[in-house]
$ cat upload29.cif   # mmCIF, C-alpha atoms and all ligand atoms
data_structure
#
loop_
_atom_site.label_atom_id
_atom_site.label_comp_id
_atom_site.auth_asym_id
_atom_site.auth_seq_id
_atom_site.Cartn_x
_atom_site.Cartn_y
_atom_site.Cartn_z
CA MET A 1 -112.93 191.32 -23.05
CA ASN A 2 -113.60 192.84 -26.45
CA ALA A 3 -117.22 193.03 -27.42
CA PRO A 4 -117.15 190.39 -30.18
CA THR A 5 -115.68 187.71 -27.91
CA THR A 6 -117.85 188.49 -24.92
CA ARG A 7 -120.15 185.59 -24.22
CA LYS A 8 -123.67 185.86 -22.86
CA ILE A 9 -124.17 183.23 -20.20
CA LEU A 10 -127.36 182.75 -18.22
CA HIS A 11 -127.86 180.79 -15.04
CA ILE A 12 -131.48 180.00 -14.30
CA ASP A 13 -132.57 178.55 -10.96
CA MET A 14 -136.11 177.82 -9.80
CA ASP A 15 -137.12 179.43 -6.49
CA ALA A 16 -137.57 177.06 -3.52
CA PHE A 17 -138.25 174.49 -6.17
CA TYR A 18 -139.86 171.42 -4.56
CA ALA A 19 -141.64 173.58 -1.97
CA SER A 20 -143.03 175.95 -4.59
CA VAL A 21 -144.37 173.04 -6.62
CA GLU A 22 -146.12 171.67 -3.53
CA GLN A 23 -147.64 175.07 -2.72
CA ARG A 24 -148.73 175.46 -6.32
CA ASP A 25 -150.54 172.13 -6.33
CA ASN A 26 -152.08 172.39 -2.87
CA PRO A 27 -153.60 175.78 -2.05
CA ASP A 28 -153.80 174.82 1.64
CA LEU A 29 -150.02 175.00 1.78
CA ARG A 30 -149.72 178.46 0.31
CA GLY A 31 -148.34 181.15 2.59
CA LYS A 32 -147.36 178.49 5.12
CA PRO A 33 -143.99 177.24 6.33
CA ILE A 34 -143.46 173.89 4.66
CA ALA A 35 -140.53 171.53 4.29
CA VAL A 36 -140.35 168.85 1.62
CA GLY A 37 -138.89 165.68 3.04
CA GLY A 38 -139.21 162.73 5.37
CA GLY A 39 -140.93 164.39 8.31
CA ALA A 40 -140.07 165.52 11.82
CA ASN A 41 -138.71 162.19 12.96
CA ARG A 42 -136.93 160.79 10.00
CA GLY A 43 -134.92 161.96 7.08
CA VAL A 44 -133.71 165.36 6.07
CA THR A 45 -135.39 168.33 4.52
CA THR A 46 -134.80 168.63 0.78
CA THR A 47 -135.94 172.23 0.75
CA ALA A 48 -138.22 174.67 2.54
CA SER A 49 -140.71 177.33 1.51
CA TYR A 50 -139.70 180.95 2.00
CA GLU A 51 -142.10 181.14 4.95
CA ALA A 52 -140.09 178.35 6.63
CA ARG A 53 -136.73 179.81 5.68
CA LYS A 54 -137.53 182.85 7.84
CA PHE A 55 -137.18 180.49 10.80
CA GLY A 56 -133.85 179.17 9.56
CA VAL A 57 -135.13 175.94 8.02
CA ARG A 58 -132.76 174.88 5.26
CA SER A 59 -132.03 172.14 2.73
CA ALA A 60 -130.33 169.04 4.12
CA MET A 61 -131.45 169.81 7.69
CA PRO A 62 -132.65 166.91 9.85
CA GLY A 63 -136.43 166.97 10.23
CA TYR A 64 -136.40 167.17 14.03
CA LYS A 65 -134.15 170.23 13.93
CA ALA A 66 -136.33 171.95 11.36
CA LYS A 67 -139.34 171.34 13.59
CA GLN A 68 -137.49 172.79 16.58
CA LEU A 69 -136.76 175.96 14.66
CA CYS A 70 -140.27 176.21 13.30
CA PRO A 71 -142.88 174.36 15.37
CA ASP A 72 -145.66 175.04 12.85
CA LEU A 73 -143.66 173.52 10.05
CA ILE A 74 -145.67 171.27 7.73
CA PHE A 75 -143.78 168.33 6.25
CA VAL A 76 -144.73 167.32 2.76
CA PRO A 77 -143.47 164.14 1.08
CA PRO A 78 -141.60 164.71 -2.18
CA ARG A 79 -143.17 163.92 -5.57
CA PHE A 80 -140.18 163.49 -7.83
CA ASP A 81 -142.29 162.70 -10.88
CA VAL A 82 -143.90 166.12 -10.73
CA TYR A 83 -140.54 167.86 -10.24
CA LYS A 84 -139.19 165.97 -13.23
CA GLU A 85 -142.16 167.04 -15.28
CA VAL A 86 -141.57 170.71 -14.42
CA SER A 87 -137.90 170.19 -15.18
CA HIS A 88 -138.84 169.02 -18.68
CA GLN A 89 -141.11 172.00 -19.14
CA ILE A 90 -138.41 174.50 -18.28
CA ARG A 91 -135.85 172.62 -20.37
CA ASN A 92 -138.20 172.97 -23.34
CA ILE A 93 -138.46 176.70 -22.76
CA PHE A 94 -134.65 176.96 -22.68
CA LYS A 95 -134.48 175.00 -25.93
CA ALA A 96 -136.51 177.65 -27.71
CA TYR A 97 -133.52 179.96 -27.17
CA THR A 98 -130.41 177.78 -27.36
CA ASP A 99 -129.18 174.22 -27.54
CA LEU A 100 -126.21 175.06 -25.35
CA ILE A 101 -127.82 174.07 -22.08
CA GLU A 102 -125.95 172.57 -19.17
CA PRO A 103 -128.31 171.31 -16.48
CA LEU A 104 -126.86 171.21 -12.97
CA SER A 105 -129.90 169.63 -11.39
CA LEU A 106 -133.62 169.38 -12.02
CA ASP A 107 -134.19 173.07 -11.36
CA GLU A 108 -131.04 174.75 -12.51
CA ALA A 109 -129.06 175.21 -15.72
CA PHE A 110 -126.48 177.27 -17.53
CA LEU A 111 -127.39 178.56 -20.97
CA ASP A 112 -125.06 180.08 -23.51
CA VAL A 113 -127.18 182.58 -25.46
CA THR A 114 -124.33 184.47 -27.15
CA VAL A 115 -125.90 183.29 -30.37
CA ASN A 116 -129.56 182.50 -29.76
CA LYS A 117 -132.41 181.17 -31.84
CA LYS A 118 -134.37 184.42 -31.56
CA ASP A 119 -131.47 186.75 -32.37
CA ILE A 120 -132.05 188.71 -29.20
CA PRO A 121 -129.02 190.96 -28.70
CA TYR A 122 -129.11 191.27 -24.91
CA GLY A 123 -128.65 188.41 -22.49
CA MET A 124 -130.84 190.26 -20.03
CA GLU A 125 -133.72 190.31 -22.47
CA VAL A 126 -133.42 186.57 -23.07
CA ALA A 127 -133.39 186.00 -19.31
CA GLN A 128 -136.49 188.16 -18.82
CA GLU A 129 -138.36 186.32 -21.57
CA ILE A 130 -137.42 182.97 -20.09
CA MET A 131 -138.55 184.05 -16.63
CA ASP A 132 -141.88 185.19 -18.06
CA ARG A 133 -142.41 181.96 -19.96
CA VAL A 134 -141.50 179.82 -16.99
CA LYS A 135 -144.07 181.70 -14.93
CA LYS A 136 -146.71 181.40 -17.62
CA ASP A 137 -146.17 177.70 -18.34
CA THR A 138 -145.54 176.39 -14.82
CA GLN A 139 -147.04 179.03 -12.48
CA LEU A 140 -143.68 178.98 -10.73
CA THR A 141 -140.97 181.60 -10.45
CA CYS A 142 -137.28 181.34 -11.12
CA SER A 143 -134.32 183.66 -10.79
CA ALA A 144 -131.74 184.45 -13.42
CA GLY A 145 -128.14 185.59 -13.50
CA VAL A 146 -126.63 187.06 -16.63
CA SER A 147 -122.94 187.56 -17.22
CA TYR A 148 -120.07 186.72 -19.56
CA CYS A 149 -118.99 183.58 -17.69
CA LYS A 150 -120.51 180.73 -15.72
CA PHE A 151 -119.06 181.68 -12.37
CA LEU A 152 -120.57 185.16 -12.36
CA ALA A 153 -123.88 184.08 -13.88
CA LYS A 154 -124.30 181.50 -11.13
CA ILE A 155 -123.59 183.94 -8.34
CA ALA A 156 -125.79 186.56 -9.97
CA SER A 157 -128.84 184.29 -10.10
CA GLY A 158 -128.78 184.00 -6.31
CA PHE A 159 -128.48 187.70 -5.78
CA LYS A 160 -132.13 188.77 -5.85
CA LYS A 161 -133.99 185.56 -5.18
CA PRO A 162 -136.91 184.95 -5.55
CA ASN A 163 -138.06 186.07 -8.98
CA GLY A 164 -134.93 188.18 -9.42
CA LEU A 165 -132.83 189.08 -12.42
CA THR A 166 -129.24 190.23 -11.93
CA VAL A 167 -126.77 191.24 -14.60
CA VAL A 168 -123.03 191.43 -14.00
CA THR A 169 -121.30 193.18 -16.88
CA PRO A 170 -117.57 192.73 -17.57
CA GLN A 171 -117.07 196.30 -16.39
CA ARG A 172 -118.69 195.61 -13.05
CA ALA A 173 -117.22 192.15 -12.53
CA GLU A 174 -114.03 192.96 -10.65
CA LYS A 175 -115.66 195.43 -8.25
CA PHE A 176 -118.48 192.96 -7.68
CA LEU A 177 -116.01 190.19 -6.85
CA GLU A 178 -113.89 192.36 -4.57
CA THR A 179 -116.76 192.98 -2.20
CA LEU A 180 -118.18 189.47 -2.42
CA PRO A 181 -117.56 187.31 0.67
CA VAL A 182 -115.46 184.29 -0.33
CA LYS A 183 -117.99 181.98 1.31
CA ASP A 184 -120.42 183.04 -1.43
CA PHE A 185 -117.95 182.14 -4.17
CA PHE A 186 -119.35 179.29 -6.13
CA GLY A 187 -116.84 176.48 -5.59
CA VAL A 188 -115.65 177.59 -2.17
CA GLY A 189 -117.10 175.10 0.30
CA LYS A 190 -117.31 175.45 4.07
CA VAL A 191 -113.91 173.87 4.66
CA THR A 192 -112.13 176.12 2.20
CA ALA A 193 -113.96 179.19 3.48
CA ALA A 194 -112.79 178.36 7.02
CA LYS A 195 -109.23 177.88 5.83
CA MET A 196 -109.38 181.18 3.96
CA ALA A 197 -110.77 182.93 7.05
CA GLN A 198 -107.74 181.69 9.00
CA MET A 199 -105.56 183.23 6.32
CA GLY A 200 -107.37 186.55 6.70
CA ILE A 201 -109.30 186.14 3.46
CA THR A 202 -112.93 187.10 3.85
CA ASN A 203 -113.77 188.73 0.54
CA GLY A 204 -112.55 188.91 -3.04
CA ALA A 205 -110.28 191.87 -2.37
CA ASP A 206 -108.43 189.86 0.32
CA LEU A 207 -108.13 186.90 -2.02
CA LYS A 208 -106.60 189.12 -4.66
CA THR A 209 -103.61 189.97 -2.50
CA PHE A 210 -102.29 186.41 -2.92
CA THR A 211 -100.17 185.40 -5.88
CA ARG A 212 -101.08 182.50 -8.12
CA LEU A 213 -98.23 180.44 -6.69
CA GLU A 214 -99.24 181.11 -3.12
CA LEU A 215 -102.81 180.04 -3.79
CA ILE A 216 -101.64 176.88 -5.55
CA ARG A 217 -99.40 176.12 -2.59
CA TYR A 218 -102.32 176.46 -0.16
CA PHE A 219 -105.16 175.01 -2.21
CA GLY A 220 -103.55 172.82 -4.85
CA LYS A 221 -105.11 172.81 -8.27
CA ARG A 222 -108.10 174.81 -7.02
CA GLY A 223 -105.75 177.65 -6.06
CA ASP A 224 -105.25 178.38 -9.72
CA PHE A 225 -108.98 178.52 -10.20
CA TYR A 226 -109.43 180.93 -7.28
CA TYR A 227 -106.69 183.16 -8.66
CA ASN A 228 -108.52 183.41 -11.96
CA ILE A 229 -112.12 183.76 -10.85
CA VAL A 230 -111.44 186.56 -8.41
CA ARG A 231 -110.14 188.44 -11.45
CA GLY A 232 -113.28 187.55 -13.37
CA ILE A 233 -111.47 185.04 -15.58
CA ASP A 234 -113.53 181.93 -16.26
CA ASP A 235 -113.46 180.51 -19.76
CA ARG A 236 -115.25 177.25 -19.01
CA PRO A 237 -117.74 176.56 -21.77
CA VAL A 238 -121.36 175.75 -21.16
CA ASN A 239 -121.16 172.02 -21.52
CA ALA A 240 -124.24 170.71 -23.27
CA SER A 241 -123.33 167.06 -22.81
CA ARG A 242 -126.28 165.02 -21.71
CA VAL A 243 -127.01 163.98 -18.18
CA ARG A 244 -125.80 160.44 -17.64
CA LYS A 245 -128.65 158.02 -18.06
CA SER A 246 -126.82 154.72 -17.95
CA LEU A 247 -123.59 153.14 -16.79
CA GLY A 248 -122.17 150.13 -18.52
CA VAL A 249 -119.31 147.88 -19.48
CA GLU A 250 -118.93 145.85 -22.63
CA THR A 251 -116.28 143.84 -24.37
CA THR A 252 -115.71 142.55 -27.85
CA LEU A 253 -114.67 138.92 -27.77
CA GLU A 254 -111.44 137.70 -29.27
CA LYS A 255 -113.39 135.17 -31.25
CA ASP A 256 -117.10 134.56 -31.71
CA LEU A 257 -118.52 132.29 -29.02
CA ALA A 258 -121.57 130.05 -29.01
CA SER A 259 -121.91 127.98 -25.85
CA LEU A 260 -122.86 128.87 -22.30
CA GLU A 261 -119.64 127.23 -21.09
CA GLU A 262 -117.57 129.57 -23.23
CA ILE A 263 -119.57 132.73 -22.61
CA SER A 264 -120.14 132.38 -18.85
CA PRO A 265 -116.54 133.07 -17.70
CA ILE A 266 -116.52 136.22 -19.80
CA LEU A 267 -119.81 137.36 -18.38
CA LEU A 268 -118.40 136.84 -14.88
CA ARG A 269 -115.48 139.11 -15.71
CA ILE A 270 -117.89 141.70 -17.08
CA ILE A 271 -119.94 141.49 -13.89
CA ASP A 272 -116.81 142.22 -11.84
CA GLU A 273 -115.88 145.21 -13.92
CA PHE A 274 -119.45 146.44 -14.09
CA TYR A 275 -119.89 146.25 -10.35
CA GLU A 276 -116.63 148.11 -9.80
CA ARG A 277 -117.82 150.81 -12.16
CA LEU A 278 -121.09 151.26 -10.25
CA GLN A 279 -119.25 151.39 -6.96
CA LYS A 280 -116.80 153.99 -8.22
CA ALA A 281 -119.61 156.14 -9.56
CA ASP A 282 -121.59 155.44 -6.38
CA ASN A 283 -124.57 155.16 -8.66
CA TYR A 284 -126.88 152.20 -9.09
CA GLY A 285 -129.75 151.44 -11.41
CA ARG A 286 -133.16 149.88 -11.15
CA THR A 287 -132.76 148.28 -14.57
CA LEU A 288 -130.09 145.86 -15.67
CA THR A 289 -129.59 145.25 -19.37
CA LEU A 290 -127.61 142.49 -21.01
CA LYS A 291 -126.35 143.46 -24.43
CA LEU A 292 -125.23 140.91 -26.98
CA LYS A 293 -123.98 141.54 -30.46
CA THR A 294 -124.28 138.54 -32.72
CA HIS A 295 -121.59 137.44 -35.16
CA ASP A 296 -123.69 138.99 -37.92
CA PHE A 297 -123.81 142.33 -36.09
CA GLN A 298 -127.31 142.28 -34.72
CA THR A 299 -127.66 143.85 -31.33
CA LEU A 300 -129.84 142.08 -28.80
CA THR A 301 -130.70 143.75 -25.52
CA ARG A 302 -132.52 142.05 -22.70
CA SER A 303 -133.50 143.95 -19.57
CA GLN A 304 -134.91 143.32 -16.17
CA SER A 305 -136.11 145.98 -13.77
CA LYS A 306 -136.72 146.10 -10.05
CA ASN A 307 -138.60 148.68 -8.06
CA TYR A 308 -135.43 149.45 -6.08
CA PHE A 309 -131.82 150.27 -6.93
CA ILE A 310 -129.89 147.08 -7.45
CA ARG A 311 -126.80 147.45 -5.30
CA ASP A 312 -125.98 143.86 -4.40
CA LYS A 313 -123.32 142.20 -6.51
CA GLN A 314 -124.73 138.73 -6.04
CA GLU A 315 -128.10 139.89 -7.20
CA ILE A 316 -126.53 141.55 -10.23
CA SER A 317 -124.73 138.27 -11.02
CA ARG A 318 -127.88 136.22 -10.65
CA MET A 319 -129.85 138.56 -12.88
CA ALA A 320 -127.16 138.79 -15.56
CA ILE A 321 -126.62 135.04 -15.71
CA ALA A 322 -130.36 134.41 -15.86
CA LEU A 323 -130.71 136.91 -18.72
CA LEU A 324 -127.95 135.15 -20.60
CA LYS A 325 -129.35 131.66 -20.01
CA GLU A 326 -132.84 132.71 -21.06
CA ASN A 327 -131.51 134.04 -24.33
CA MET A 328 -129.01 131.41 -25.38
CA ASN A 329 -131.34 130.24 -28.12
CA THR A 330 -131.72 133.69 -29.69
CA PHE A 331 -128.34 133.65 -31.42
CA ASP A 332 -125.83 131.31 -33.01
CA LYS A 333 -122.66 133.08 -31.97
CA ILE A 334 -121.88 136.35 -30.30
CA ARG A 335 -119.01 138.76 -30.79
CA LEU A 336 -119.73 141.27 -28.02
CA ILE A 337 -121.25 141.15 -24.58
CA GLY A 338 -122.05 143.94 -22.15
CA LEU A 339 -124.01 144.97 -19.09
CA THR A 340 -125.70 148.31 -18.48
CA ALA A 341 -127.47 149.83 -15.51
CA SER A 342 -130.16 152.40 -16.22
CA ASN A 343 -132.93 154.21 -14.36
CA LEU A 344 -130.07 155.43 -12.29
CA GLU A 345 -130.27 156.79 -8.82
CA LYS A 346 -128.37 159.93 -9.79
CA GLU A 347 -129.72 160.38 -13.26
CA GLN A 348 -130.92 163.89 -12.61
CA ASN A 349 -129.08 164.87 -9.49
CA HIS A 350 -132.22 165.07 -7.44
CA SER A 351 -132.47 164.11 -3.77
CA GLY A 352 -129.31 162.20 -2.85
CA GLY A 353 -127.61 163.19 -6.03
CA HIS A 354 -128.07 166.89 -5.67
CA GLN A 355 -125.07 168.87 -6.70
CA LEU A 356 -124.23 171.05 -3.76
CA SER A 357 -120.90 172.26 -4.96
CA PHE A 358 -119.46 172.57 -8.36
CA GLU A 359 -116.62 170.38 -9.52
CA TRP A 360 -113.77 171.91 -11.42
CA GLU A 361 -111.39 169.03 -11.66
P1 LIG A 401 -131.81 174.51 -4.93
O1 LIG A 401 -131.94 175.23 -6.22
O2 LIG A 401 -130.47 174.49 -4.27
O3 LIG A 401 -132.81 175.10 -3.84
P2 LIG A 401 -134.29 175.62 -4.01
O4 LIG A 401 -134.72 175.67 -5.44
O5 LIG A 401 -135.17 174.81 -3.12
O6 LIG A 401 -134.22 177.07 -3.41
P3 LIG A 401 -133.56 178.38 -4.03
O7 LIG A 401 -134.69 179.34 -4.22
O8 LIG A 401 -132.60 178.84 -3.00
O9 LIG A 401 -132.92 177.98 -5.32
O10 LIG A 401 -132.27 173.02 -5.09
C1 LIG A 401 -133.33 172.64 -5.95
C2 LIG A 401 -134.10 171.49 -5.37
O11 LIG A 401 -133.24 170.38 -5.16
C3 LIG A 401 -134.71 171.80 -4.05
O12 LIG A 401 -135.98 172.40 -4.19
C4 LIG A 401 -134.75 170.47 -3.39
C5 LIG A 401 -133.60 169.70 -3.96
N1 LIG A 401 -132.48 169.62 -3.01
C6 LIG A 401 -132.28 168.45 -2.30
O13 LIG A 401 -133.00 167.48 -2.48
N2 LIG A 401 -131.26 168.40 -1.39
C7 LIG A 401 -130.44 169.47 -1.14
O14 LIG A 401 -129.54 169.38 -0.30
C8 LIG A 401 -130.66 170.67 -1.88
C9 LIG A 401 -129.79 171.87 -1.65
C10 LIG A 401 -131.69 170.70 -2.80
MG MG A 402 -133.49 176.49 -6.91
#

$ encode --input "upload29.cif" --output "structure tokens"
Amino acid sequence: MNAPTTRKILHIDMDAFYASVEQRDNPDLRGKPIAVGGGANRGVTTTASYEARKFGVRSAMPGYKAKQLCPDLIFVPPRFDVYKEVSHQIRNIFKAYTDLIEPLSLDEAFLDVTVNKKDIPYGMEVAQEIMDRVKKDTQLTCSAGVSYCKFLAKIASGFKKPNGLTVVTPQRAEKFLETLPVKDFFGVGKVTAAKMAQMGITNGADLKTFTRLELIRYFGKRGDFYYNIVRGIDDRPVNASRVRKSLGVETTLEKDLASLEEISPILLRIIDEFYERLQKADNYGRTLTLKLKTHDFQTLTRSQSKNYFIRDKQEISRMAIALLKENMNTFDKIRLIGLTASNLEKEQNHSGGHQLSFEWE
């Protein structure tokens, strides 16, 4: 960990995000225990205000249970558009410092600020500036973790919530990890934590007594990861690839085709593949787009949207075939055909798509 190669990684996470937005926009809710979600009788809580958390109300808790724990709990329906708007605002603040931003959900992201647009030498200073700007622009607070790798930055951001800033230097990393309960390790879920407890592993120091091979034997591929992170080794880059906004399948035809009779069987094959793709991703869109490339390389796209996520294969088929039929007279011959779903359910990982644990594989 020589100074020149040491990265500066930030993890920024909004505090009680949906609940704080609701309390910001409705003064009557301030200082009160609120839960954002379906209500006492249906659905689960997406998140709770700090006042409600004192009673044990948590994310993903059934409404009736939350109400049992906190009888005065006020349920507020979610307003995803507003959360998305705030998410854009904070993303724009991040962009003033770096383009290496990896969003994990609407309210949370990794930033690599080793080299940053303002030439600020200390990660902690960047984090403090970002926290101040978030507060100023959104009237909301966030917490930040600063370290030399993603794993430690993520854990650090949760350390002094809300409105907290925690730095874990390379020098402090190993000691920090030794005392950290394994259940708080980012990437150790409940099942793994229970298995580790059975093996006598409760904190980082316990985990360290196992060899790499032993951990691989017990936990498979993840064992290797555990071996490394407990030693503060995590070289994963901040991955600035964009959040998936569409899912699609397309194929270039063996020869250019002109008639509905010729194109239809190919479209049916595409529909099969497309549907399989959506199922595998467990992600569906509200918009279906038919893409055609003409023999002279013009791209035509024709879309249809619904106000719900289109999950039914027959409906997808009907829509796709109708889009093709309606547009048969817009080209002579085509050389490529494809189908895309957009306005995806899990576009931004909110609600059902929230990323509760991190994936290493
Ligand atoms: P988190 O950052 O996990 O939680 P939070 O911001 O509410 O609270 P904290 O201060 O502990 O960070 O999630 C961000 C938002 O995502 C949260 O406000 C609501 C939503 N969410 C769900 O919809 N379902 C869930 O299971 C979780 C955990 C969050
Ligand atoms: Mg948060």

$ atom_distance --input "upload29.cif" --atom1 "CA of Ala40 (chain A)" --atom2 "CA of Glu345 (chain A)"
24.5 Å

$ residues_near_ligand --input "upload29.cif" --ligand "ligand MG 402 (chain A)" --cutoff "6 Å" --atoms "only C-alpha atoms and all ligand atoms" --output "ChimeraX atom specification"
/A:13-17,107

$ residues_around --input "upload29.cif" --residues "Glu174 (chain A)" --least-positions-apart "3" --cutoff "9 Å" --atoms "only C-alpha atoms" --output "PyMOL selection string"
chain A and resi 170-171+177-179+204+230-232

$ residues_near_ligand --input "upload29.cif" --ligand "ligand LIG 401 (chain A)" --cutoff "10 Å" --atoms "all atoms listed in the file" --output "PyMOL selection string"
chain A and resi 12-21+35-37+44-50+53+58-61+78+80+83+104-109+141-143+157-158+160-163+349-357

$ residues_around --input "upload29.cif" --residues "region 213-215 of chain A" --least-positions-apart "6" --cutoff "9 Å" --atoms "only C-alpha atoms" --output "ChimeraX atom specification"
/A:207,221-224,226-227

$ build_atoms --input "upload29.cif" --residues "region 314-337 of chain A" --atoms "N, CA and C atoms" --output "PDB file, in the frame of the given file"
ATOM      1  N   GLN A 314    -124.204 140.077  -5.795  1.00  0.00           N
ATOM      2  CA  GLN A 314    -124.730 138.730  -6.040  1.00  0.00           C
ATOM      3  C   GLN A 314    -126.036 138.781  -6.818  1.00  0.00           C
ATOM      4  N   GLU A 315    -126.826 139.752  -6.494  1.00  0.00           N
ATOM      5  CA  GLU A 315    -128.100 139.890  -7.200  1.00  0.00           C
ATOM      6  C   GLU A 315    -127.854 140.263  -8.665  1.00  0.00           C
ATOM      7  N   ILE A 316    -126.882 141.170  -8.861  1.00  0.00           N
ATOM      8  CA  ILE A 316    -126.530 141.550 -10.230  1.00  0.00           C
ATOM      9  C   ILE A 316    -126.084 140.311 -11.005  1.00  0.00           C
ATOM     10  N   SER A 317    -125.223 139.494 -10.370  1.00  0.00           N
ATOM     11  CA  SER A 317    -124.730 138.270 -11.020  1.00  0.00           C
ATOM     12  C   SER A 317    -125.887 137.352 -11.382  1.00  0.00           C
ATOM     13  N   ARG A 318    -126.748 137.133 -10.404  1.00  0.00           N
ATOM     14  CA  ARG A 318    -127.880 136.220 -10.650  1.00  0.00           C
ATOM     15  C   ARG A 318    -128.721 136.716 -11.818  1.00  0.00           C
ATOM     16  N   MET A 319    -129.008 138.006 -11.820  1.00  0.00           N
ATOM     17  CA  MET A 319    -129.850 138.560 -12.880  1.00  0.00           C
ATOM     18  C   MET A 319    -129.173 138.453 -14.242  1.00  0.00           C
ATOM     19  N   ALA A 320    -127.884 138.796 -14.277  1.00  0.00           N
ATOM     20  CA  ALA A 320    -127.160 138.790 -15.560  1.00  0.00           C
ATOM     21  C   ALA A 320    -127.080 137.380 -16.113  1.00  0.00           C
ATOM     22  N   ILE A 321    -126.754 136.428 -15.249  1.00  0.00           N
ATOM     23  CA  ILE A 321    -126.620 135.040 -15.710  1.00  0.00           C
ATOM     24  C   ILE A 321    -127.973 134.512 -16.196  1.00  0.00           C
ATOM     25  N   ALA A 322    -129.023 134.861 -15.442  1.00  0.00           N
ATOM     26  CA  ALA A 322    -130.360 134.410 -15.860  1.00  0.00           C
ATOM     27  C   ALA A 322    -130.717 135.003 -17.226  1.00  0.00           C
ATOM     28  N   LEU A 323    -130.398 136.278 -17.427  1.00  0.00           N
ATOM     29  CA  LEU A 323    -130.710 136.910 -18.720  1.00  0.00           C
ATOM     30  C   LEU A 323    -129.960 136.213 -19.853  1.00  0.00           C
ATOM     31  N   LEU A 324    -128.732 135.846 -19.571  1.00  0.00           N
ATOM     32  CA  LEU A 324    -127.950 135.150 -20.600  1.00  0.00           C
ATOM     33  C   LEU A 324    -128.564 133.781 -20.892  1.00  0.00           C
ATOM     34  N   LYS A 325    -128.810 133.033 -19.825  1.00  0.00           N
ATOM     35  CA  LYS A 325    -129.350 131.660 -20.010  1.00  0.00           C
ATOM     36  C   LYS A 325    -130.652 131.686 -20.784  1.00  0.00           C
ATOM     37  N   GLU A 326    -131.520 132.652 -20.408  1.00  0.00           N
ATOM     38  CA  GLU A 326    -132.840 132.710 -21.060  1.00  0.00           C
ATOM     39  C   GLU A 326    -132.729 133.033 -22.546  1.00  0.00           C
ATOM     40  N   ASN A 327    -131.605 133.573 -22.943  1.00  0.00           N
ATOM     41  CA  ASN A 327    -131.510 134.040 -24.330  1.00  0.00           C
ATOM     42  C   ASN A 327    -130.493 133.291 -25.178  1.00  0.00           C
ATOM     43  N   MET A 328    -130.017 132.184 -24.636  1.00  0.00           N
ATOM     44  CA  MET A 328    -129.010 131.410 -25.380  1.00  0.00           C
ATOM     45  C   MET A 328    -129.519 130.948 -26.742  1.00  0.00           C
ATOM     46  N   ASN A 329    -130.829 130.738 -26.837  1.00  0.00           N
ATOM     47  CA  ASN A 329    -131.340 130.240 -28.120  1.00  0.00           C
ATOM     48  C   ASN A 329    -131.708 131.340 -29.111  1.00  0.00           C
ATOM     49  N   THR A 330    -131.360 132.600 -28.769  1.00  0.00           N
ATOM     50  CA  THR A 330    -131.720 133.690 -29.690  1.00  0.00           C
ATOM     51  C   THR A 330    -130.585 134.039 -30.644  1.00  0.00           C
ATOM     52  N   PHE A 331    -129.456 133.351 -30.507  1.00  0.00           N
ATOM     53  CA  PHE A 331    -128.340 133.650 -31.420  1.00  0.00           C
ATOM     54  C   PHE A 331    -127.539 132.376 -31.680  1.00  0.00           C
ATOM     55  N   ASP A 332    -126.746 132.416 -32.756  1.00  0.00           N
ATOM     56  CA  ASP A 332    -125.830 131.310 -33.010  1.00  0.00           C
ATOM     57  C   ASP A 332    -124.518 131.550 -32.278  1.00  0.00           C
ATOM     58  N   LYS A 333    -123.931 132.715 -32.602  1.00  0.00           N
ATOM     59  CA  LYS A 333    -122.660 133.080 -31.970  1.00  0.00           C
ATOM     60  C   LYS A 333    -122.699 134.559 -31.633  1.00  0.00           C
ATOM     61  N   ILE A 334    -121.954 134.920 -30.605  1.00  0.00           N
ATOM     62  CA  ILE A 334    -121.880 136.350 -30.300  1.00  0.00           C
ATOM     63  C   ILE A 334    -120.443 136.860 -30.390  1.00  0.00           C
ATOM     64  N   ARG A 335    -120.348 138.144 -30.679  1.00  0.00           N
ATOM     65  CA  ARG A 335    -119.010 138.760 -30.790  1.00  0.00           C
ATOM     66  C   ARG A 335    -118.786 139.860 -29.748  1.00  0.00           C
ATOM     67  N   LEU A 336    -119.851 140.226 -29.053  1.00  0.00           N
ATOM     68  CA  LEU A 336    -119.730 141.270 -28.020  1.00  0.00           C
ATOM     69  C   LEU A 336    -120.741 140.998 -26.921  1.00  0.00           C
ATOM     70  N   ILE A 337    -120.325 141.314 -25.711  1.00  0.00           N
ATOM     71  CA  ILE A 337    -121.250 141.150 -24.580  1.00  0.00           C
ATOM     72  C   ILE A 337    -121.067 142.325 -23.625  1.00  0.00           C
TER      73      ILE A 337
END
